[in-house]
Amino acid sequence: MDFGLHFKVQDLLARYAQAIDDDKLEAWPEFFVEHGRYRITTAENVARGLPLGLIYATSRAMLRDRVRALRDANVYEAQRYRHVIGAPIIRPAEDGNVRARTGFIVVRIMHTGETTLFATGLYEDEIVIDAADGEPRFAEKVVILDSRQIDTLLALPL
Amino acid sequence: MDFGLHFKVQDLLARYAQAIDDDKLEAWPEFFVEHGRYRITTAENVARGLPLGLIYATSRAMLRDRVRALRDANVYEAQRYRHVIGAPIIRPAEDGNVRARTGFIVVRIMHTGETTLFATGLYEDEIVIDAADGEPRFAEKVVILDSRQIDTLLALPL
Amino acid sequence: MDFGLHFKVQDLLARYAQAIDDDKLEAWPEFFVEHGRYRITTAENVARGLPLGLIYATSRAMLRDRVRALRDANVYEAQRYRHVIGAPIIRPAEDGNVRARTGFIVVRIMHTGETTLFATGLYEDEIVIDAADGEPRFAEKVVILDSRQIDTLLALPL
């Protein structure tokens, strides 16, 4: 087992979560490769073999658009999030990439201070280690929510 | 400090939790040695020196029976769980085994989508590293719940 | 990246959290250096540049006083806590110290068994590796709560 690789994946996930929780949304697309895929779906959809997700993006540019829309709508201002992420389970993938499955819990903190359990689920990620700078980035990130009851304002990155 | 050993324990705990959360209950007994002990108790019982638990099993065979009972009762179908586990604190035990203490939180997601904080507590585990295949397995797993208010349907592995 | 250092920080945080959750409050000041600083504040205060916190201590002696006050008041007896902590993100600081940012969730379990999400936030820590014994300790621990709605009984260490 490659501890160094495992550690790199864990660190990527921790930085990803803290960027969102620190409201540094503009940094969010940078965790993906240029044509990285990002999808949010539910465990129920996955079990039924339904490929469609609630959100689907196929490039950094689409993720940047999404961030701009969130900023324009001011949706994000009124709330904060806190992710807590488990230890990833990793295995090798094609082309020297890594696949990681990682459980997560997200808490939402409203402007009023009210704190609720917002979402739980699993990240199924494909991670590329950049040959040039050694940095890990997401080639694909699938967010599989445990609950099918989705907040209609599901506007944030998860 | 042995990073490799610590990492093996963390990985075992992560795979254990994901097997349960993925509804792969049939894999659950395989995380134990043949005569592994599994017990669920409460912090209050431990503080009072009461040895008895809510659930007690002393072999893989008993755990398999439990899984079959859960499948027959269909209790498990209507709900999902999501574990988030802290970093284990480990120390050497007899015979080259390892003892690990690890905090956890479990969220329950009902069929309706309702998501609630289900259980919190501490795992007190004794882990054997198999001499043959190098795999870590539980010789003993004691689940110490923080709350004494137990759901009567406490039917799942924790 | 120094895996060993990262691991030491993770282990310090895990032991810190378990000491609190195990009600071993008397051990709590020992995780700090003699003149360690401990502060609890909110994300809102930090964003506004308000330096003041809800709680501020500048030595082990002050932390010990706080523990004695908690024991005298018996506040702590009626409740338990459970921390779950993310992977720390670390970077070097002055004098060979380490700075770590770590997300956390704390659940409170009342005597009745009622379990609620109590607090979420970020630890911003400065950690010293003791030259004599190699042990990591907090030179500073700033607890930044996500919510401004603070329980008036915020009596425990966080």
# chains A, B, ... in the order shown; residues from 1 in each chain; ligands from 1
>>> interface_residues(of="chain C", to="chain A", cutoff="9 Å", atoms="only C-alpha atoms", output="JSON list (two decimals) with N, CA, C and O atoms, in the first residue's frame")
[["chain", "number", "residue", "atom", "x", "y", "z"],
["C", 1, "MET", "N", 6.42, 16.77, 1.04],
["C", 1, "MET", "CA", 5.48, 16.78, 2.17],
["C", 1, "MET", "C", 5.95, 15.81, 3.25],
["C", 1, "MET", "O", 6.36, 14.70, 2.94],
["C", 3, "PHE", "N", 5.18, 13.38, 5.82],
["C", 3, "PHE", "CA", 4.09, 12.55, 6.33],
["C", 3, "PHE", "C", 4.15, 12.40, 7.83],
["C", 3, "PHE", "O", 3.14, 12.38, 8.51],
["C", 84, "VAL", "N", -15.87, 15.04, 16.07],
["C", 84, "VAL", "CA", -15.30, 14.40, 14.89],
["C", 84, "VAL", "C", -14.55, 15.46, 14.11],
["C", 84, "VAL", "O", -15.06, 16.55, 13.86],
["C", 85, "ILE", "N", -13.33, 15.14, 13.79],
["C", 85, "ILE", "CA", -12.36, 16.11, 13.28],
["C", 85, "ILE", "C", -11.90, 15.67, 11.90],
["C", 85, "ILE", "O", -11.71, 14.49, 11.65],
["C", 86, "GLY", "N", -11.74, 16.62, 11.00],
["C", 86, "GLY", "CA", -11.26, 16.32, 9.65],
["C", 86, "GLY", "C", -9.75, 16.12, 9.62],
["C", 86, "GLY", "O", -9.08, 16.15, 10.65],
["C", 87, "ALA", "N", -9.23, 15.95, 8.42],
["C", 87, "ALA", "CA", -7.77, 15.87, 8.25],
["C", 87, "ALA", "C", -7.22, 17.29, 8.33],
["C", 87, "ALA", "O", -7.76, 18.20, 7.72],
["C", 88, "PRO", "N", -6.17, 17.50, 9.10],
["C", 88, "PRO", "CA", -5.59, 18.85, 9.19],
["C", 88, "PRO", "C", -4.85, 19.23, 7.91],
["C", 88, "PRO", "O", -4.29, 18.38, 7.23],
["C", 89, "ILE", "N", -4.89, 20.52, 7.60],
["C", 89, "ILE", "CA", -4.04, 21.05, 6.52],
["C", 89, "ILE", "C", -2.92, 21.81, 7.20],
["C", 89, "ILE", "O", -3.17, 22.76, 7.96],
["C", 101, "ARG", "N", -4.82, 23.86, 10.11],
["C", 101, "ARG", "CA", -6.24, 24.27, 10.04],
["C", 101, "ARG", "C", -7.07, 22.99, 9.90],
["C", 101, "ARG", "O", -6.86, 22.21, 8.98],
["C", 102, "THR", "N", -8.04, 22.83, 10.76],
["C", 102, "THR", "CA", -8.76, 21.56, 10.86],
["C", 102, "THR", "C", -10.23, 21.80, 11.15],
["C", 102, "THR", "O", -10.56, 22.41, 12.17],
["C", 103, "GLY", "N", -11.08, 21.31, 10.28],
["C", 103, "GLY", "CA", -12.52, 21.44, 10.52],
["C", 103, "GLY", "C", -13.00, 20.45, 11.58],
["C", 103, "GLY", "O", -12.43, 19.37, 11.73],
["C", 104, "PHE", "N", -14.03, 20.82, 12.33],
["C", 104, "PHE", "CA", -14.55, 19.91, 13.36],
["C", 104, "PHE", "C", -16.07, 20.04, 13.48],
["C", 104, "PHE", "O", -16.66, 21.05, 13.13],
["C", 105, "ILE", "N", -16.66, 18.98, 14.02],
["C", 105, "ILE", "CA", -18.07, 18.95, 14.41],
["C", 105, "ILE", "C", -18.12, 18.41, 15.83],
["C", 105, "ILE", "O", -17.40, 17.47, 16.16],
["C", 117, "LEU", "N", -26.58, 18.36, 17.41],
["C", 117, "LEU", "CA", -25.42, 18.97, 16.80],
["C", 117, "LEU", "C", -25.12, 20.23, 17.59],
["C", 117, "LEU", "O", -25.94, 21.15, 17.64],
["C", 118, "PHE", "N", -23.97, 20.29, 18.25],
["C", 118, "PHE", "CA", -23.71, 21.36, 19.20],
["C", 118, "PHE", "C", -22.91, 22.50, 18.59],
["C", 118, "PHE", "O", -23.22, 23.68, 18.77],
["C", 119, "ALA", "N", -21.85, 22.18, 17.90],
["C", 119, "ALA", "CA", -20.98, 23.22, 17.35],
["C", 119, "ALA", "C", -20.22, 22.69, 16.15],
["C", 119, "ALA", "O", -19.92, 21.50, 16.06],
["C", 120, "THR", "N", -19.94, 23.59, 15.21],
["C", 120, "THR", "CA", -19.04, 23.26, 14.10],
["C", 120, "THR", "C", -18.07, 24.42, 13.94],
["C", 120, "THR", "O", -18.35, 25.53, 14.38],
["C", 121, "GLY", "N", -16.95, 24.14, 13.33],
["C", 121, "GLY", "CA", -15.99, 25.23, 13.13],
["C", 121, "GLY", "C", -14.65, 24.74, 12.67],
["C", 121, "GLY", "O", -14.52, 23.64, 12.13],
["C", 122, "LEU", "N", -13.67, 25.61, 12.90],
["C", 122, "LEU", "CA", -12.31, 25.39, 12.41],
["C", 122, "LEU", "C", -11.34, 25.62, 13.57],
["C", 122, "LEU", "O", -11.46, 26.59, 14.30],
["C", 146, "ASP", "N", -18.51, 28.36, 13.54],
["C", 146, "ASP", "CA", -19.25, 28.78, 12.35],
["C", 146, "ASP", "C", -20.48, 29.60, 12.71],
["C", 146, "ASP", "O", -20.87, 30.49, 11.96],
["C", 147, "SER", "N", -21.08, 29.29, 13.82],
["C", 147, "SER", "CA", -22.32, 29.95, 14.20],
["C", 147, "SER", "C", -22.06, 31.02, 15.24],
["C", 147, "SER", "O", -21.19, 30.88, 16.09],
["C", 148, "ARG", "N", -22.82, 32.11, 15.15],
["C", 148, "ARG", "CA", -22.66, 33.16, 16.18],
["C", 148, "ARG", "C", -23.61, 32.93, 17.34],
["C", 148, "ARG", "O", -23.60, 33.65, 18.33],
["C", 149, "GLN", "N", -24.47, 31.96, 17.16],
["C", 149, "GLN", "CA", -25.46, 31.67, 18.20],
["C", 149, "GLN", "C", -24.83, 30.71, 19.20],
["C", 149, "GLN", "O", -24.77, 29.51, 18.97],
["C", 150, "ILE", "N", -24.33, 31.26, 20.28],
["C", 150, "ILE", "CA", -23.55, 30.46, 21.21],
["C", 150, "ILE", "C", -24.37, 30.07, 22.43],
["C", 150, "ILE", "O", -25.07, 30.89, 23.01]]
>>> select_by_dssp(residues="segment 58-122 of chain B", states="helix (DSSP H, G or I)", output="count of residues only")
20
>>> closest_residue(among="A:Leu52, A:Ile20, A:Val98, A:Ala139", to="Glu34 of chain A", atoms="only C-alpha atoms")
A:Ala139
>>> residues_around(residues="Thr58 of chain C", least_positions_apart="6", cutoff="9 Å", atoms="only C-alpha atoms", output="mmCIF file with C-alpha atoms, in the first residue's frame")
data_model
loop_
_atom_site.group_PDB
_atom_site.id
_atom_site.type_symbol
_atom_site.label_atom_id
_atom_site.label_comp_id
_atom_site.auth_asym_id
_atom_site.auth_seq_id
_atom_site.Cartn_x
_atom_site.Cartn_y
_atom_site.Cartn_z
ATOM 1 C CA GLU C 34 3.212 26.385 29.554
ATOM 2 C CA HIS C 35 2.246 29.756 28.058
ATOM 3 C CA GLY C 36 -0.026 28.404 25.381
ATOM 4 C CA ARG C 37 -2.881 30.586 24.169
ATOM 5 C CA TYR C 38 -6.447 29.323 23.849
ATOM 6 C CA ARG C 39 -9.225 31.341 22.296
ATOM 7 C CA GLU C 140 -1.880 28.549 20.251
#
>>> residues_around(residues="Pro29 of chain B", least_positions_apart="2", cutoff="8 Å", atoms="only C-alpha atoms", output="VMD selection string")
chain B and resid 26 to 27 31 to 32 60 to 61 63 to 64
>>> atom_distance(atom1="atom CA of Phe138 of chain C", atom2="atom CA of Pro51 of chain C")
19.4 Å
>>> residues_around(residues="Val142 of chain B", least_positions_apart="3", cutoff="8 Å", atoms="only C-alpha atoms", output="VMD selection string")
chain B and resid 38 to 41 123 to 125
>>> write_last_selection(atoms="C-alpha atoms", output="compact mmCIF listing (two decimals), in the first residue's frame")
# COMPACT_ATOMS: atom_id res chain seq x y z
CA TYR B 38 -18.60 -7.88 18.87
CA ARG B 39 -20.41 -5.95 21.57
CA ILE B 40 -22.57 -2.83 21.73
CA THR B 41 -22.85 -1.10 25.09
CA TYR B 123 -14.99 2.07 19.07
CA GLU B 124 -12.65 0.15 21.35
CA ASP B 125 -11.07 -2.40 19.06
>>> residues_around(residues="Val9 of chain B", least_positions_apart="6", cutoff="8 Å", atoms="only C-alpha atoms", output="list in words")
Pro88, Ala100, Ile127 and Pro136 of chain B
>>> write_last_selection(atoms="all heavy atoms", output="compact mmCIF listing (two decimals), in the first residue's frame")
# COMPACT_ATOMS: atom_id res chain seq x y z
N PRO B 88 -7.98 7.11 14.50
CA PRO B 88 -7.83 6.18 15.63
C PRO B 88 -6.60 6.52 16.47
O PRO B 88 -5.60 7.01 15.96
CB PRO B 88 -7.63 4.83 14.95
CG PRO B 88 -7.08 5.15 13.60
CD PRO B 88 -7.65 6.49 13.21
N ALA B 100 -7.14 -0.02 19.38
CA ALA B 100 -7.45 1.29 18.78
C ALA B 100 -8.72 1.86 19.40
O ALA B 100 -9.68 1.12 19.64
CB ALA B 100 -7.64 1.14 17.27
N ILE B 127 -7.22 -5.43 17.30
CA ILE B 127 -7.02 -5.77 15.90
C ILE B 127 -5.84 -6.73 15.76
O ILE B 127 -4.78 -6.52 16.35
CB ILE B 127 -6.80 -4.49 15.08
CG1 ILE B 127 -8.08 -3.65 15.10
CG2 ILE B 127 -6.38 -4.80 13.65
CD1 ILE B 127 -7.87 -2.19 14.83
N PRO B 136 -5.44 -6.80 8.38
CA PRO B 136 -5.91 -6.54 9.74
C PRO B 136 -7.38 -6.97 9.88
O PRO B 136 -8.17 -6.79 8.95
CB PRO B 136 -5.79 -5.02 9.85
CG PRO B 136 -5.95 -4.51 8.46
CD PRO B 136 -5.45 -5.59 7.54
>>> select_by_dssp(residues="segment 34-96 of chain A", states="strand (DSSP E)", output="PyMOL selection string")
chain A and resi 34-42+55-57+79-85+89-92
>>> closest_residue(among="A:Val46, A:Val33, A:Ile144, A:Leu156", to="Ile129 of chain A", atoms="only C-alpha atoms")
A:Val33
>>> closest_residue(among="C:Ile55, C:Asp23, C:Trp28, C:Asp130", to="Ala43 of chain B", atoms="only C-alpha atoms")
C:Asp23
>>> atom_distance(atom1="atom CA of Ala57 of chain B", atom2="atom CA of Ala19 of chain C")
29.0 Å
>>> decode(residues="segment 113-124 of chain A", atoms="N, CA, C and O atoms", output="mmCIF file, in the first residue's frame")
data_model
loop_
_atom_site.group_PDB
_atom_site.id
_atom_site.type_symbol
_atom_site.label_atom_id
_atom_site.label_comp_id
_atom_site.auth_asym_id
_atom_site.auth_seq_id
_atom_site.Cartn_x
_atom_site.Cartn_y
_atom_site.Cartn_z
ATOM 1 N N GLY A 113 -27.632 31.590 12.697
ATOM 2 C CA GLY A 113 -26.891 30.751 13.628
ATOM 3 C C GLY A 113 -27.439 29.341 13.694
ATOM 4 O O GLY A 113 -26.782 28.442 14.192
ATOM 5 N N GLU A 114 -28.623 29.153 13.148
ATOM 6 C CA GLU A 114 -29.242 27.822 13.151
ATOM 7 C C GLU A 114 -28.360 26.815 12.411
ATOM 8 O O GLU A 114 -27.901 27.091 11.308
ATOM 9 N N THR A 115 -28.122 25.680 13.025
ATOM 10 C CA THR A 115 -27.189 24.684 12.497
ATOM 11 C C THR A 115 -27.931 23.382 12.244
ATOM 12 O O THR A 115 -28.546 22.834 13.149
ATOM 13 N N THR A 116 -27.899 22.893 11.003
ATOM 14 C CA THR A 116 -28.594 21.646 10.675
ATOM 15 C C THR A 116 -27.711 20.723 9.847
ATOM 16 O O THR A 116 -26.828 21.165 9.130
ATOM 17 N N LEU A 117 -28.006 19.444 9.971
ATOM 18 C CA LEU A 117 -27.374 18.427 9.147
ATOM 19 C C LEU A 117 -27.918 18.605 7.738
ATOM 20 O O LEU A 117 -29.110 18.458 7.508
ATOM 21 N N PHE A 118 -27.066 18.956 6.794
ATOM 22 C CA PHE A 118 -27.549 19.348 5.466
ATOM 23 C C PHE A 118 -27.517 18.186 4.472
ATOM 24 O O PHE A 118 -28.472 17.965 3.736
ATOM 25 N N ALA A 119 -26.410 17.487 4.436
ATOM 26 C CA ALA A 119 -26.269 16.421 3.446
ATOM 27 C C ALA A 119 -25.262 15.396 3.918
ATOM 28 O O ALA A 119 -24.326 15.711 4.651
ATOM 29 N N THR A 120 -25.476 14.148 3.498
ATOM 30 C CA THR A 120 -24.485 13.086 3.726
ATOM 31 C C THR A 120 -24.356 12.320 2.424
ATOM 32 O O THR A 120 -25.262 12.340 1.595
ATOM 33 N N GLY A 121 -23.246 11.646 2.269
ATOM 34 C CA GLY A 121 -23.078 10.873 1.049
ATOM 35 C C GLY A 121 -21.673 10.364 0.860
ATOM 36 O O GLY A 121 -20.895 10.260 1.828
ATOM 37 N N LEU A 122 -21.395 10.045 -0.392
ATOM 38 C CA LEU A 122 -20.126 9.433 -0.767
ATOM 39 C C LEU A 122 -19.546 10.188 -1.955
ATOM 40 O O LEU A 122 -20.263 10.505 -2.900
ATOM 41 N N TYR A 123 -18.268 10.485 -1.890
ATOM 42 C CA TYR A 123 -17.561 10.983 -3.063
ATOM 43 C C TYR A 123 -16.973 9.793 -3.816
ATOM 44 O O TYR A 123 -16.252 8.987 -3.195
ATOM 45 N N GLU A 124 -17.248 9.685 -5.092
ATOM 46 C CA GLU A 124 -16.538 8.719 -5.934
ATOM 47 C C GLU A 124 -15.691 9.523 -6.896
ATOM 48 O O GLU A 124 -16.221 10.104 -7.853
#
